[in-house]
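Below: one structure, written as structure tokens.
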Amino acid sequence: MSAIEYTARQRASLLSLARQGVCQAVAKGYIDLPDLASLEPYLQLPRASFVTLDSHDELRGCIGSLQAVRPLAHDVLHNACGAALHDYRFAPLQASEPVSISVSILSPLDEVIFSSEADLLHQLVPGRDGVLLQAGRNRATFLPVVWEGLTTPDIFLRALKRKAALAADYWSDQVRVWRYESESFAEDRERPACE
């Protein structure tokens, strides 16, 4: 994935689509999926995405896909609905709640081969790498944007392990890690979920 794959117009269209998904989810409890034939080609391609909602500069919901199993338009709509209604960390979003929406489009997962935790830490690139960590049935991911608050590989990995319900100092030969990049863009202000 290049640093900028989508044009300004395409980014605006994807944000509008995510906003539409959030509003439909809040108003109706579900989303209507558009006919693919009516969409531009880039929206028809299978891509993985995340939709993140922020309210008053705090996370309000984030749901995504790590693998491209649906057309981009449908994936964004599903994840917008999920972020609004089904993020287990939050109550369902209300129509009057102000949120800003961001969309991240992910590159394919690339497994990282490492010999130790120190080797893994050495390979992680702050600001670029999104990371998926799996240890047995425990699994968690951080998008590349998370590096803004967790600025070193050690801090980033310890927090990711905690997110996966593992001890921060947990390590095992069974740990598997994949990296990915993302192109992320966001609305410039908060607005009620449905206005």
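Residues are named by chain letter and number: chains run A, B, ... in the order of the structure tokens, numbers start at 1 in each chain, and ligands are numbered from 1 in the order shown.
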At a cut-off of 12 Å, using only C-alpha atoms, what residues contact Phe156 of chain A? Leave out same-chain residues fewer than 3 positions from it and give the result as a CSV table (one decimal) with C-alpha atoms, in the first residue's frame.
```csv
chain,number,residue,atom,x,y,z
A,120,LEU,CA,10.5,-8.6,17.1
A,121,LEU,CA,10.9,-5.2,18.9
A,124,LEU,CA,8.7,-2.9,14.4
A,125,VAL,CA,8.6,0.4,12.7
A,126,PRO,CA,6.9,3.1,14.8
A,127,GLY,CA,4.3,5.2,13.0
A,129,ASP,CA,3.3,-0.7,11.3
A,130,GLY,CA,-0.1,-1.8,12.4
A,131,VAL,CA,0.4,-5.0,14.4
A,132,LEU,CA,-1.7,-8.1,15.0
A,133,LEU,CA,-0.5,-10.3,17.8
A,141,THR,CA,-4.4,-5.4,17.0
A,142,PHE,CA,-3.3,-1.8,17.1
A,143,LEU,CA,-3.6,0.4,14.0
A,144,PRO,CA,-0.5,2.4,13.0
A,145,VAL,CA,-2.1,5.6,14.4
A,146,VAL,CA,-1.7,4.1,17.9
A,147,TRP,CA,2.0,4.9,17.7
A,148,GLU,CA,1.0,8.5,18.4
A,149,GLY,CA,0.3,7.6,22.0
A,150,LEU,CA,2.6,4.6,22.4
A,151,THR,CA,5.8,5.9,20.9
A,152,THR,CA,8.3,3.1,21.4
A,153,PRO,CA,8.2,-0.6,20.3
A,159,ALA,CA,0.0,-2.4,25.6
A,160,LEU,CA,-0.9,-4.7,22.7
A,161,LYS,CA,-0.4,-7.7,24.9
A,162,ARG,CA,-2.6,-6.2,27.6
A,163,LYS,CA,-5.3,-5.6,25.0
A,168,ALA,CA,2.5,-7.1,29.7
```
Which polymer residues have any atom within 8 Å of an atom of Arg60 of chain A, counting only C-alpha atoms, with same-chain residues fewer than 5 positions away left out, as an NGL selection string?
:A and (52-55 or 83 or 90 or 99)
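You can rank A:Ala95, A:Leu45, A:Val76, A:Ala12 by their closest distance to Arg191 of chain A using only C-alpha atoms, and at the top of that list sits A:Ala95.
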All residues 6 Å or closer to segment 182-184 of chain A, only C-alpha atoms, same chain fewer than 3 positions away omitted, as a list in words:
Val103, Ser104, Ile105 and Leu106 of chain A
Generate the output file for the selected residues, N, CA, C and O atoms, as a PDB file, in the first residue's frame.
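This went into part-v3.pdb:
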```
ATOM      1  N   VAL A 103     -11.549   6.710   8.988  1.00  0.00           N
ATOM      2  CA  VAL A 103     -11.539   5.463   8.237  1.00  0.00           C
ATOM      3  C   VAL A 103     -10.081   5.096   7.983  1.00  0.00           C
ATOM      4  O   VAL A 103      -9.274   5.954   7.620  1.00  0.00           O
ATOM      5  N   SER A 104      -9.756   3.837   8.182  1.00  0.00           N
ATOM      6  CA  SER A 104      -8.424   3.308   7.865  1.00  0.00           C
ATOM      7  C   SER A 104      -8.590   2.150   6.901  1.00  0.00           C
ATOM      8  O   SER A 104      -9.377   1.244   7.160  1.00  0.00           O
ATOM      9  N   ILE A 105      -7.862   2.189   5.794  1.00  0.00           N
ATOM     10  CA  ILE A 105      -7.871   1.112   4.816  1.00  0.00           C
ATOM     11  C   ILE A 105      -6.546   0.360   4.974  1.00  0.00           C
ATOM     12  O   ILE A 105      -5.472   0.967   4.917  1.00  0.00           O
ATOM     13  N   LEU A 106      -6.626  -0.948   5.177  1.00  0.00           N
ATOM     14  CA  LEU A 106      -5.446  -1.732   5.514  1.00  0.00           C
ATOM     15  C   LEU A 106      -4.842  -2.432   4.301  1.00  0.00           C
ATOM     16  O   LEU A 106      -5.551  -2.863   3.397  1.00  0.00           O
TER      17      LEU A 106
END
```
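Distances from A:Leu17, A:Ala27, A:Val175, A:Ala8 to Ser115 of chain A were compared using only C-alpha atoms, and the smallest one belongs to A:Val175.
For the residues A:Ala167, A:Leu43, A:Ala68, A:Val51, ranking by smallest atom-to-atom distance to Phe185 of chain A using only C-alpha atoms places A:Val51 first.
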